[in-house]
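Chemist: Got my_file26.txt for you, compact mmCIF, C-alpha atoms (C1' of nucleotides):
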# COMPACT_ATOMS: atom_id res chain seq x y z
CA MET P 88 6.63 -3.48 41.76
CA SER P 89 5.34 0.01 41.07
CA ILE P 90 1.77 1.06 41.71
CA GLN P 91 1.28 1.21 37.97
CA ASP P 92 2.58 -2.30 37.53
CA ARG P 93 0.15 -3.52 40.14
CA GLN P 94 -2.69 -1.89 38.24
CA VAL P 95 -1.53 -3.57 35.04
CA GLU P 96 -1.35 -6.93 36.78
CA ASP P 97 -4.85 -6.51 38.17
CA ARG P 98 -6.25 -5.48 34.83
CA LEU P 99 -4.68 -8.43 33.04
CA GLY P 100 -6.00 -10.71 35.76
CA GLU P 101 -9.52 -9.43 35.17
CA ALA P 102 -8.97 -10.09 31.46
CA GLY P 103 -8.04 -13.67 32.30
CA VAL P 104 -4.47 -13.56 31.02
CA ARG P 105 -1.08 -13.75 32.73
CA TYR P 106 1.36 -10.96 33.34
CA THR P 107 4.40 -12.85 32.14
CA GLY P 108 8.04 -11.86 31.96
CA GLY P 109 7.89 -10.89 28.30
CA ARG P 110 4.82 -8.78 28.87
CA ARG P 111 6.45 -7.05 31.80
CA LEU P 112 9.43 -6.16 29.63
CA VAL P 113 7.17 -4.58 27.04
CA VAL P 114 5.17 -2.59 29.59
CA ALA P 115 8.39 -1.42 31.25
CA ALA P 116 9.84 -0.27 27.93
CA LEU P 117 6.69 1.69 27.18
CA GLU P 118 6.72 3.24 30.65
CA ARG P 119 10.30 4.31 30.08
CA SER P 120 9.53 5.99 26.75
CA ASP P 121 8.45 9.60 26.34
CA GLY P 122 6.24 8.72 23.39
CA PRO P 123 4.51 5.77 21.70
CA LEU P 124 6.72 2.97 20.33
CA SER P 125 6.25 0.65 17.36
CA ALA P 126 6.83 -3.09 17.41
CA ALA P 127 10.09 -2.54 15.53
CA GLU P 128 11.22 0.09 18.01
CA LEU P 129 10.36 -2.16 20.92
CA HIS P 130 12.21 -5.00 19.27
CA ARG P 131 15.29 -2.81 19.05
CA GLU P 132 14.85 -1.85 22.68
CA LEU P 133 14.54 -5.46 23.78
CA VAL P 134 17.18 -7.11 21.61
CA GLY P 135 17.25 -10.85 21.99
CA LYS P 136 14.59 -10.76 24.66
CA VAL P 137 11.31 -10.76 22.74
CA PRO P 138 10.85 -11.95 19.16
CA VAL P 139 8.77 -9.82 16.84
CA SER P 140 5.80 -12.14 16.65
CA SER P 141 5.53 -12.20 20.44
CA LEU P 142 5.72 -8.44 20.51
CA TYR P 143 2.74 -8.15 18.24
CA ARG P 144 0.84 -10.70 20.27
CA THR P 145 1.74 -8.99 23.53
CA LEU P 146 0.72 -5.60 22.23
CA SER P 147 -2.55 -7.04 21.03
CA VAL P 148 -3.25 -8.62 24.43
CA LEU P 149 -2.35 -5.39 26.22
CA GLU P 150 -4.59 -3.40 23.93
CA GLU P 151 -7.51 -5.80 24.44
CA ALA P 152 -7.09 -5.40 28.17
CA GLY P 153 -6.98 -1.64 27.88
CA VAL P 154 -3.42 -1.36 29.19
CA VAL P 155 -2.00 0.25 26.07
CA GLU P 156 -3.46 2.39 23.30
CA PRO P 157 -2.51 2.45 19.59
CA HIS P 158 -1.40 5.40 17.56
CA HIS P 159 -1.41 5.00 13.77
CA GLY P 160 1.43 6.61 11.87
CA ALA P 161 3.00 6.86 8.44
CA ARG P 162 3.85 3.78 6.38
CA GLY P 163 1.33 1.62 8.17
CA VAL P 164 3.28 1.70 11.41
CA THR P 165 1.31 1.46 14.64
CA ARG P 166 2.91 2.75 17.83
CA TYR P 167 1.64 1.91 21.30
CA GLU P 168 1.70 3.76 24.56
CA ILE P 169 0.51 3.16 28.12
CA ALA P 170 -3.22 3.89 28.27
CA GLU P 171 -4.37 7.24 29.55
CA TRP P 172 -6.06 5.88 32.67
CA LEU P 173 -2.58 4.70 33.74
CA ALA P 174 -0.28 7.33 32.27
CA GLY P 175 -2.48 10.39 32.36
CA HIS P 176 -4.06 12.40 29.58
CA HIS P 177 -1.79 14.05 27.06
CA HIS P 178 -1.41 15.11 23.44
CA HIS P 179 1.02 14.41 20.62
CA LEU P 180 3.68 16.15 18.62
CA VAL P 181 4.14 14.16 15.40
CA CYS P 182 7.21 14.56 13.23
CA GLY P 183 6.13 14.70 9.59
CA ASN P 184 9.51 13.46 8.46
CA CYS P 185 10.51 10.47 10.59
CA GLY P 186 7.15 9.72 12.22
CA ALA P 187 8.43 10.02 15.76
CA VAL P 188 5.82 10.99 18.31
CA GLU P 189 6.43 12.92 21.49
CA ASP P 190 3.93 13.33 24.29
CA ILE P 191 2.95 16.72 25.57
CA GLU P 192 0.81 17.58 28.50
CA LEU P 193 -1.12 20.80 28.35
CA PRO P 194 -1.16 23.18 31.25
CA ARG P 195 -4.29 22.46 33.27
CA ARG P 196 -5.91 25.71 32.24
CA LEU P 197 -5.55 24.97 28.54
CA GLU P 198 -6.59 21.35 28.92
CA LEU P 199 -9.79 22.35 30.64
CA ARG P 200 -10.58 24.74 27.85
CA LEU P 201 -9.88 22.08 25.26
CA GLU P 202 -12.20 19.58 26.92
CA HIS P 203 -14.93 22.12 27.02
CA LEU P 204 -14.31 22.79 23.35
CA VAL P 205 -14.42 19.10 22.42
CA GLY P 206 -17.69 18.74 24.25
CA GLN P 207 -19.23 21.48 22.17
CA ALA P 208 -17.70 20.19 18.95
CA SER P 209 -18.92 16.62 19.33
CA ALA P 210 -22.36 17.84 20.24
CA LEU P 211 -22.51 19.12 16.67
CA SER P 212 -21.94 15.68 15.12
CA SER P 213 -23.53 12.26 14.83
CA PHE P 214 -20.57 10.61 16.52
CA SER P 215 -20.58 9.42 20.09
CA ALA P 216 -17.28 10.82 21.32
CA LYS P 217 -15.08 8.74 23.60
CA GLY P 218 -11.90 10.74 23.79
CA HIS P 219 -9.79 13.24 21.99
CA SER P 220 -6.23 14.01 21.12
CA LEU P 221 -4.70 17.17 19.83
CA GLU P 222 -2.13 16.29 17.19
CA VAL P 223 0.41 18.96 16.48
CA ASP P 224 2.45 18.16 13.38
CA GLY P 225 5.80 19.60 12.54
CA LEU P 226 9.40 18.51 12.64
CA CYS P 227 11.18 17.02 15.61
CA ALA P 228 14.47 18.49 16.81
CA ARG P 229 16.45 15.84 14.92
CA CYS P 230 14.69 16.33 11.55
CA ALA P 231 14.35 20.13 11.68
CA MET S 12 -13.75 23.86 -14.26
CA SER S 13 -14.20 25.02 -10.69
CA ILE S 14 -11.91 27.57 -9.09
CA GLN S 15 -10.52 24.80 -6.95
CA ASP S 16 -9.77 22.70 -9.99
CA ARG S 17 -7.93 25.61 -11.54
CA GLN S 18 -5.83 25.90 -8.40
CA VAL S 19 -5.05 22.20 -8.55
CA GLU S 20 -4.08 22.48 -12.19
CA ASP S 21 -1.79 25.41 -11.45
CA ARG S 22 -0.17 23.67 -8.56
CA LEU S 23 0.49 20.51 -10.54
CA GLY S 24 1.88 22.66 -13.34
CA GLU S 25 4.34 24.23 -10.93
CA ALA S 26 5.28 20.73 -9.81
CA GLY S 27 5.99 19.86 -13.45
CA VAL S 28 3.38 17.12 -13.79
CA ARG S 29 0.20 16.82 -15.84
CA TYR S 30 -3.36 17.07 -14.59
CA THR S 31 -4.61 14.05 -16.49
CA GLY S 32 -8.03 12.49 -16.72
CA GLY S 33 -7.33 9.87 -14.08
CA ARG S 34 -5.96 12.46 -11.69
CA ARG S 35 -9.01 14.66 -12.24
CA LEU S 36 -11.27 11.75 -11.35
CA VAL S 37 -9.42 11.19 -8.09
CA VAL S 38 -9.46 14.86 -7.12
CA ALA S 39 -13.17 15.08 -7.97
CA ALA S 40 -13.98 12.03 -5.84
CA LEU S 41 -12.09 13.53 -2.90
CA GLU S 42 -13.87 16.85 -3.35
CA ARG S 43 -17.19 15.03 -3.30
CA SER S 44 -16.41 13.19 -0.06
CA ASP S 45 -17.14 14.49 3.43
CA GLY S 46 -14.03 12.83 4.83
CA PRO S 47 -10.70 11.34 3.78
CA LEU S 48 -10.75 8.28 1.49
CA SER S 49 -8.40 5.33 1.20
CA ALA S 50 -7.10 3.92 -2.07
CA ALA S 51 -9.51 1.00 -1.68
CA GLU S 52 -12.45 3.34 -1.10
CA LEU S 53 -11.47 5.43 -4.10
CA HIS S 54 -11.18 2.29 -6.19
CA ARG S 55 -14.71 1.35 -5.22
CA GLU S 56 -15.85 4.86 -6.08
CA LEU S 57 -14.16 4.77 -9.48
CA VAL S 58 -14.93 1.22 -10.57
CA GLY S 59 -13.28 0.29 -13.82
CA LYS S 60 -11.88 3.78 -14.24
CA VAL S 61 -8.63 3.75 -12.30
CA PRO S 62 -6.64 0.64 -11.37
CA VAL S 63 -5.30 0.38 -7.84
CA SER S 64 -1.66 0.89 -8.73
CA SER S 65 -2.47 4.10 -10.57
CA LEU S 66 -4.49 5.27 -7.59
CA TYR S 67 -1.50 4.91 -5.32
CA ARG S 68 0.72 6.65 -7.82
CA THR S 69 -1.77 9.45 -8.31
CA LEU S 70 -2.21 9.96 -4.58
CA SER S 71 1.53 10.06 -4.16
CA VAL S 72 1.90 12.67 -6.89
CA LEU S 73 -0.92 14.75 -5.44
CA GLU S 74 0.63 14.56 -1.99
CA GLU S 75 4.05 15.60 -3.30
CA ALA S 76 2.42 18.59 -4.95
CA GLY S 77 0.59 19.50 -1.75
CA VAL S 78 -2.85 18.98 -3.27
CA VAL S 79 -3.90 16.24 -0.85
CA GLU S 80 -2.94 15.34 2.69
CA PRO S 81 -2.68 11.89 4.25
CA HIS S 82 -4.43 10.63 7.34
CA HIS S 83 -3.12 7.40 8.86
CA GLY S 84 -5.67 4.99 10.25
CA ALA S 85 -6.05 1.50 11.67
CA ARG S 86 -4.72 -1.57 9.91
CA GLY S 87 -2.13 0.40 8.01
CA VAL S 88 -4.73 2.17 5.90
CA THR S 89 -3.93 5.68 4.71
CA ARG S 90 -6.79 7.96 3.72
CA TYR S 91 -6.34 11.14 1.72
CA GLU S 92 -8.22 14.39 1.60
CA ILE S 93 -7.97 17.68 -0.26
CA ALA S 94 -5.30 19.81 1.39
CA GLU S 95 -6.36 22.47 3.84
CA TRP S 96 -5.22 25.42 1.71
CA LEU S 97 -7.81 24.25 -0.85
CA ALA S 98 -10.56 22.80 1.31
CA GLY S 99 -10.26 24.89 4.43
CA HIS S 100 -9.16 23.98 7.92
CA HIS S 101 -11.08 21.36 9.81
CA HIS S 102 -10.82 18.53 12.34
CA HIS S 103 -11.65 14.84 12.43
CA LEU S 104 -14.08 12.46 14.02
CA VAL S 105 -12.52 8.99 13.83
CA CYS S 106 -14.57 5.82 14.29
CA GLY S 107 -12.64 3.43 16.52
CA ASN S 108 -14.47 0.48 15.05
CA CYS S 109 -14.50 0.81 11.26
CA GLY S 110 -11.90 3.54 10.88
CA ALA S 111 -14.15 5.90 8.97
CA VAL S 112 -13.25 9.56 9.31
CA GLU S 113 -15.64 12.47 9.16
CA ASP S 114 -14.61 16.09 8.85
CA ILE S 115 -15.85 18.68 11.27
CA GLU S 116 -15.39 22.38 11.16
CA LEU S 117 -15.35 24.18 14.45
CA PRO S 118 -17.39 27.31 14.95
CA ARG S 119 -15.10 30.25 14.34
CA ARG S 120 -15.05 31.21 18.00
CA LEU S 121 -13.89 27.78 19.11
CA GLU S 122 -11.36 27.48 16.30
CA LEU S 123 -9.75 30.75 17.27
CA ARG S 124 -9.45 29.59 20.83
CA LEU S 125 -7.91 26.31 19.70
CA GLU S 126 -5.29 28.01 17.56
CA HIS S 127 -4.34 30.23 20.41
CA LEU S 128 -4.07 27.14 22.57
CA VAL S 129 -1.88 25.29 20.06
CA GLY S 130 0.40 28.27 19.85
CA GLN S 131 0.96 28.17 23.58
CA ALA S 132 1.33 24.40 23.65
CA SER S 133 3.94 24.19 20.90
CA ALA S 134 5.90 27.00 22.48
CA LEU S 135 6.52 24.55 25.33
CA SER S 136 8.16 21.93 23.10
CA SER S 137 11.24 21.39 20.96
CA PHE S 138 9.12 20.81 17.85
CA SER S 139 8.66 23.37 15.13
CA ALA S 140 4.90 23.20 14.68
CA LYS S 141 3.42 23.32 11.18
CA GLY S 142 -0.21 22.58 11.76
CA HIS S 143 -2.62 20.84 14.05
CA SER S 144 -5.65 18.62 14.05
CA LEU S 145 -8.06 17.82 16.80
CA GLU S 146 -8.92 14.14 16.60
CA VAL S 147 -12.10 13.16 18.34
CA ASP S 148 -12.43 9.40 18.60
CA GLY S 149 -15.62 7.55 19.17
CA LEU S 150 -18.08 5.52 17.15
CA CYS S 151 -19.71 6.60 13.94
CA ALA S 152 -23.50 6.44 13.59
CA ARG S 153 -23.27 3.10 11.77
CA CYS S 154 -21.03 1.38 14.36
CA ALA S 155 -22.61 2.81 17.51
C1' DT G 185 -3.67 -32.43 33.12
C1' DT G 186 -5.39 -28.14 31.14
C1' DC G 187 -4.80 -23.77 29.32
C1' DC G 188 -2.22 -19.96 28.37
C1' DT G 189 2.07 -18.49 26.14
C1' DT G 190 5.86 -18.58 23.01
C1' DG G 191 8.65 -18.99 18.67
C1' DC G 192 9.34 -20.04 14.11
C1' DA G 193 7.80 -19.82 9.65
C1' DA G 194 4.20 -19.22 6.41
C1' DA G 195 0.37 -16.28 5.16
C1' DC G 196 -1.91 -11.68 4.60
C1' DG G 197 -3.08 -7.16 3.10
C1' DA G 198 -1.82 -2.47 2.04
C1' DT G 199 1.40 -0.26 -0.62
C1' DT G 200 5.36 0.10 -3.87
C1' DT G 201 7.98 -0.80 -7.92
C1' DG G 202 9.95 -2.85 -12.56
C1' DC G 203 8.94 -2.87 -17.09
C1' DA G 204 6.71 -2.53 -21.34
C1' DT G 205 2.97 0.30 -23.45
C1' DT G 206 0.20 4.37 -24.21
C1' DG G 207 -0.69 9.22 -24.73
C1' DG G 208 -0.25 14.19 -24.68
C1' DA G 209 2.44 18.56 -25.75
C1' DT W 266 9.44 12.89 -31.20
C1' DC W 267 9.98 12.52 -26.27
C1' DC W 268 9.06 12.07 -21.77
C1' DA W 269 5.30 11.70 -18.44
C1' DA W 270 1.62 8.55 -17.31
C1' DT W 271 -0.51 4.07 -17.14
C1' DG W 272 -1.45 -0.92 -16.24
C1' DC W 273 -0.22 -5.28 -15.04
C1' DA W 274 2.30 -8.32 -12.25
C1' DA W 275 5.88 -9.16 -9.01
C1' DA W 276 8.05 -7.51 -4.93
C1' DT W 277 8.01 -5.14 -0.16
C1' DC W 278 6.94 -4.40 4.40
C1' DG W 279 4.28 -4.24 8.56
C1' DT W 280 1.42 -7.31 10.71
C1' DT W 281 -1.22 -11.70 11.59
C1' DT W 282 -1.77 -16.58 12.18
C1' DG W 283 -1.09 -21.96 12.17
C1' DC W 284 1.10 -25.11 14.61
C1' DA W 285 4.05 -27.53 17.71
C1' DA W 286 6.77 -26.92 21.99
C1' DG W 287 7.19 -24.87 26.73
C1' DG W 288 5.19 -23.37 31.39
C1' DA W 289 2.31 -22.23 35.12
C1' DA W 290 -1.68 -23.46 37.99
Turn this file's structure into structure tokens for me.
Modeler:
Amino acid sequence: MSIQDRQVEDRLGEAGVRYTGGRRLVVAALERSDGPLSAAELHRELVGKVPVSSLYRTLSVLEEAGVVEPHHGARGVTRYEIAEWLAGHHHHLVCGNCGAVEDIELPRRLELRLEHLVGQASALSSFSAKGHSLEVDGLCARCA
Amino acid sequence: MSIQDRQVEDRLGEAGVRYTGGRRLVVAALERSDGPLSAAELHRELVGKVPVSSLYRTLSVLEEAGVVEPHHGARGVTRYEIAEWLAGHHHHLVCGNCGAVEDIELPRRLELRLEHLVGQASALSSFSAKGHSLEVDGLCARCA
DNA sequence: TTCCTTGCAAACGATTTGCATTGGA
DNA sequence: TCCAATGCAAATCGTTTGCAAGGAA
């Protein structure tokens, strides 16, 4: 079991739920991906292993526990990815055509600047900021 | 008719569709708002004036024509706002609880830095970048 | 035994669409 | 006149939930 998996197990334990086989499959599929995945995409990835309704319930449990984070996309589709405290902070490239999302990590230098910038920006508002994500929209290699 | 409204009229003309009364109401409501609005929110705003199905059709026409831009939020809700070429470039504060979105404009200095940063970031990827948006998530004043 | 978990099917809610009617150039 | 636009209702589609069966502690 990877270090990450151990962290997931611990977190679910704290949340009072089990880290079952189905849930492990979902977490593993998300770890394998280079961007957030929707329930439908996960279902395709895990053919015959996890029915759709269980996928939604699993994703909901994982989100409650803070193991995954949602990303809302076109046509009402929500994609999930491993939470930042496990997978590291990153940003998103979103394809305006097919909705695919790819993670990008900024060079440390740029990321530091961005954080500084977000701090200043949120200080100007009435929101209490929790996090941020830079969304770059365009076309993915396949749709270009 | 405001300058903006004239631009909208021209753009719709180029797209070969009419700028009808109902469509004017929707555009006006979006211009009035300080953040993107969903079909349901617009319906509330325009009670008795525009039925829900027409709202969706209007928003779709306006999006096709490039007059409004979508923002995808929780629970499959899509909110629309006046496109950037009409309303100016800005970023979003997104409430993680109720889904409300508030626009923020960065001070010129910070915005310039951000654009420079996005340029460098997208140069590292296989995406062809079209635009960007900094999403700051947190809680709005009401939900805090 | 006692809960948590799972799977199927039915229910939901946001959005879309078919079709007949209305309205503007 | 003629085609775009509208309104209602029915249909879609992603997602959620009720309920009965399965499993682990």
Chemist: Least-squares superpose chain P onto chain S - every C-alpha atom, paired in order - and show me the moved coordinates as a tab-separated table (two decimals) with C-alpha atoms, keeping the file's coordinate frame.
Modeler:
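Output (superposed_15.tsv):
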chain	number	residue	atom	x	y	z
P	88	MET	CA	-13.85	23.80	-14.29
P	89	SER	CA	-14.29	24.96	-10.72
P	90	ILE	CA	-12.05	27.53	-9.09
P	91	GLN	CA	-10.62	24.76	-6.97
P	92	ASP	CA	-9.85	22.66	-10.01
P	93	ARG	CA	-8.03	25.58	-11.55
P	94	GLN	CA	-5.92	25.91	-8.42
P	95	VAL	CA	-5.11	22.20	-8.57
P	96	GLU	CA	-4.14	22.48	-12.22
P	97	ASP	CA	-1.88	25.43	-11.49
P	98	ARG	CA	-0.24	23.70	-8.58
P	99	LEU	CA	0.43	20.55	-10.58
P	100	GLY	CA	1.82	22.69	-13.38
P	101	GLU	CA	4.27	24.31	-10.97
P	102	ALA	CA	5.23	20.80	-9.85
P	103	GLY	CA	5.96	19.91	-13.46
P	104	VAL	CA	3.35	17.18	-13.83
P	105	ARG	CA	0.15	16.89	-15.86
P	106	TYR	CA	-3.39	17.09	-14.63
P	107	THR	CA	-4.62	14.05	-16.50
P	108	GLY	CA	-8.04	12.47	-16.72
P	109	GLY	CA	-7.30	9.85	-14.08
P	110	ARG	CA	-5.97	12.46	-11.70
P	111	ARG	CA	-9.02	14.62	-12.23
P	112	LEU	CA	-11.26	11.69	-11.35
P	113	VAL	CA	-9.41	11.16	-8.09
P	114	VAL	CA	-9.49	14.83	-7.12
P	115	ALA	CA	-13.19	15.01	-7.97
P	116	ALA	CA	-13.96	11.96	-5.83
P	117	LEU	CA	-12.10	13.48	-2.91
P	118	GLU	CA	-13.91	16.79	-3.36
P	119	ARG	CA	-17.20	14.94	-3.30
P	120	SER	CA	-16.40	13.12	-0.06
P	121	ASP	CA	-17.15	14.44	3.42
P	122	GLY	CA	-14.03	12.81	4.83
P	123	PRO	CA	-10.67	11.33	3.78
P	124	LEU	CA	-10.72	8.26	1.51
P	125	SER	CA	-8.33	5.33	1.22
P	126	ALA	CA	-7.00	3.91	-2.03
P	127	ALA	CA	-9.39	0.98	-1.64
P	128	GLU	CA	-12.34	3.29	-1.07
P	129	LEU	CA	-11.40	5.38	-4.07
P	130	HIS	CA	-11.05	2.24	-6.14
P	131	ARG	CA	-14.58	1.27	-5.18
P	132	GLU	CA	-15.76	4.76	-6.06
P	133	LEU	CA	-14.07	4.67	-9.45
P	134	VAL	CA	-14.80	1.10	-10.53
P	135	GLY	CA	-13.15	0.20	-13.78
P	136	LYS	CA	-11.80	3.69	-14.22
P	137	VAL	CA	-8.53	3.70	-12.27
P	138	PRO	CA	-6.52	0.62	-11.33
P	139	VAL	CA	-5.16	0.39	-7.82
P	140	SER	CA	-1.53	0.93	-8.71
P	141	SER	CA	-2.40	4.14	-10.55
P	142	LEU	CA	-4.41	5.29	-7.58
P	143	TYR	CA	-1.43	4.96	-5.31
P	144	ARG	CA	0.78	6.73	-7.81
P	145	THR	CA	-1.76	9.51	-8.30
P	146	LEU	CA	-2.19	10.00	-4.59
P	147	SER	CA	1.56	10.14	-4.17
P	148	VAL	CA	1.90	12.76	-6.92
P	149	LEU	CA	-0.94	14.81	-5.45
P	150	GLU	CA	0.61	14.64	-2.02
P	151	GLU	CA	4.02	15.71	-3.33
P	152	ALA	CA	2.38	18.68	-4.98
P	153	GLY	CA	0.55	19.58	-1.80
P	154	VAL	CA	-2.90	19.02	-3.30
P	155	VAL	CA	-3.93	16.30	-0.89
P	156	GLU	CA	-2.95	15.41	2.67
P	157	PRO	CA	-2.66	11.94	4.26
P	158	HIS	CA	-4.41	10.67	7.32
P	159	HIS	CA	-3.09	7.45	8.87
P	160	GLY	CA	-5.64	5.04	10.26
P	161	ALA	CA	-6.04	1.55	11.67
P	162	ARG	CA	-4.63	-1.51	9.92
P	163	GLY	CA	-2.04	0.48	8.04
P	164	VAL	CA	-4.64	2.22	5.92
P	165	THR	CA	-3.86	5.74	4.73
P	166	ARG	CA	-6.75	7.98	3.72
P	167	TYR	CA	-6.32	11.17	1.71
P	168	GLU	CA	-8.23	14.39	1.59
P	169	ILE	CA	-8.02	17.68	-0.29
P	170	ALA	CA	-5.35	19.83	1.37
P	171	GLU	CA	-6.41	22.49	3.81
P	172	TRP	CA	-5.29	25.42	1.68
P	173	LEU	CA	-7.89	24.25	-0.87
P	174	ALA	CA	-10.62	22.77	1.30
P	175	GLY	CA	-10.33	24.87	4.42
P	176	HIS	CA	-9.19	23.99	7.91
P	177	HIS	CA	-11.11	21.36	9.81
P	178	HIS	CA	-10.87	18.55	12.34
P	179	HIS	CA	-11.69	14.85	12.42
P	180	LEU	CA	-14.13	12.48	14.01
P	181	VAL	CA	-12.59	9.00	13.84
P	182	CYS	CA	-14.66	5.88	14.30
P	183	GLY	CA	-12.77	3.46	16.54
P	184	ASN	CA	-14.61	0.52	15.06
P	185	CYS	CA	-14.61	0.84	11.27
P	186	GLY	CA	-11.96	3.55	10.87
P	187	ALA	CA	-14.21	5.93	8.98
P	188	VAL	CA	-13.29	9.57	9.31
P	189	GLU	CA	-15.67	12.49	9.13
P	190	ASP	CA	-14.64	16.11	8.84
P	191	ILE	CA	-15.86	18.70	11.27
P	192	GLU	CA	-15.39	22.40	11.18
P	193	LEU	CA	-15.33	24.22	14.47
P	194	PRO	CA	-17.31	27.36	14.99
P	195	ARG	CA	-14.98	30.29	14.36
P	196	ARG	CA	-14.93	31.25	18.01
P	197	LEU	CA	-13.77	27.82	19.12
P	198	GLU	CA	-11.26	27.49	16.30
P	199	LEU	CA	-9.63	30.75	17.24
P	200	ARG	CA	-9.32	29.60	20.80
P	201	LEU	CA	-7.83	26.31	19.70
P	202	GLU	CA	-5.20	27.99	17.55
P	203	HIS	CA	-4.22	30.19	20.40
P	204	LEU	CA	-3.97	27.10	22.57
P	205	VAL	CA	-1.81	25.23	20.06
P	206	GLY	CA	0.51	28.19	19.86
P	207	GLN	CA	1.06	28.09	23.58
P	208	ALA	CA	1.38	24.31	23.66
P	209	SER	CA	4.01	24.08	20.93
P	210	ALA	CA	5.98	26.87	22.52
P	211	LEU	CA	6.53	24.42	25.37
P	212	SER	CA	8.20	21.80	23.16
P	213	SER	CA	11.25	21.25	21.00
P	214	PHE	CA	9.12	20.68	17.92
P	215	SER	CA	8.65	23.23	15.19
P	216	ALA	CA	4.89	23.09	14.72
P	217	LYS	CA	3.42	23.25	11.23
P	218	GLY	CA	-0.22	22.50	11.80
P	219	HIS	CA	-2.64	20.80	14.08
P	220	SER	CA	-5.68	18.62	14.06
P	221	LEU	CA	-8.10	17.83	16.80
P	222	GLU	CA	-9.00	14.15	16.60
P	223	VAL	CA	-12.18	13.19	18.36
P	224	ASP	CA	-12.55	9.42	18.61
P	225	GLY	CA	-15.75	7.58	19.18
P	226	LEU	CA	-18.21	5.58	17.14
P	227	CYS	CA	-19.83	6.69	13.92
P	228	ALA	CA	-23.60	6.55	13.53
P	229	ARG	CA	-23.38	3.22	11.70
P	230	CYS	CA	-21.18	1.46	14.29
P	231	ALA	CA	-22.78	2.93	17.43
Chemist: Which distance in Å separates atom C1' of G:DA195 and atom CA of P:Ser125, to one decimal?
Modeler: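 So the two atoms, atom C1' of G:DA195 and atom CA of P:Ser125, lie 21.7 Å apart.
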Chemist: List every residue of chain G that has an atom at most 10 Å from any atom of chain P, and for each one report the closest atom pair and its distance in Å to one decimal, counting only C-alpha atoms (C1' of nucleotides), with rows sorted by chain and then by increasing residue number, as a Markdown table.
Modeler:
| residue | atom | partner | partner_atom | distance |
| --- | --- | --- | --- | --- |
| G:DC188 | C1' | P:Val104 | CA | 7.3 |
| G:DT189 | C1' | P:Thr107 | CA | 8.6 |
| G:DT190 | C1' | P:Ser141 | CA | 6.9 |
| G:DG191 | C1' | P:Pro138 | CA | 7.4 |
| G:DC192 | C1' | P:Ser140 | CA | 9.0 |
| G:DA198 | C1' | P:Gly163 | CA | 8.0 |
| G:DT199 | C1' | P:Arg162 | CA | 8.4 |
Chemist: Let me see the file: selected residues, C-alpha atoms (C1' of nucleotides), as a tab-separated table (two decimals), keeping the file's coordinate frame.
Modeler:
chain	number	residue	atom	x	y	z
G	188	DC	C1'	-2.22	-19.96	28.37
G	189	DT	C1'	2.07	-18.49	26.14
G	190	DT	C1'	5.86	-18.58	23.01
G	191	DG	C1'	8.65	-18.99	18.67
G	192	DC	C1'	9.34	-20.04	14.11
G	198	DA	C1'	-1.82	-2.47	2.04
G	199	DT	C1'	1.40	-0.26	-0.62
Chemist: Starting from the point (-5.4, 9.4, 5.1), work out which residues of protein, DNA or RNA have an atom no more than 9 Å away when counting only C-alpha atoms (C1' of nucleotides); state them as a ChimeraX atom specification.
Modeler: /S:47-49,80-84,88-92,112
Chemist: With 9 Å as the cut-off and only C-alpha atoms (C1' of nucleotides) counted, what is the closest atom pair between each nearby residue of chain W and chain P? Distances in Å to one decimal, ordered by chain and number, as a Markdown table.
Modeler:
| residue | atom | partner | partner_atom | distance |
| --- | --- | --- | --- | --- |
| W:DC278 | C1' | P:Arg162 | CA | 9.0 |
| W:DG279 | C1' | P:Gly163 | CA | 6.6 |
| W:DT280 | C1' | P:Tyr143 | CA | 7.7 |
| W:DT281 | C1' | P:Tyr143 | CA | 8.5 |
Chemist: Save out the residues we just selected, C-alpha atoms (C1' of nucleotides), as a short mmCIF file (atom, residue, chain, number, x, y, z; two decimals), in the frame of the given file.
Modeler:
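Below is the file that was written, again-v1.cif:
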data_model
loop_
_atom_site.label_atom_id
_atom_site.label_comp_id
_atom_site.auth_asym_id
_atom_site.auth_seq_id
_atom_site.Cartn_x
_atom_site.Cartn_y
_atom_site.Cartn_z
"C1'" DC W 278 6.94 -4.40 4.40
"C1'" DG W 279 4.28 -4.24 8.56
"C1'" DT W 280 1.42 -7.31 10.71
"C1'" DT W 281 -1.22 -11.70 11.59
#
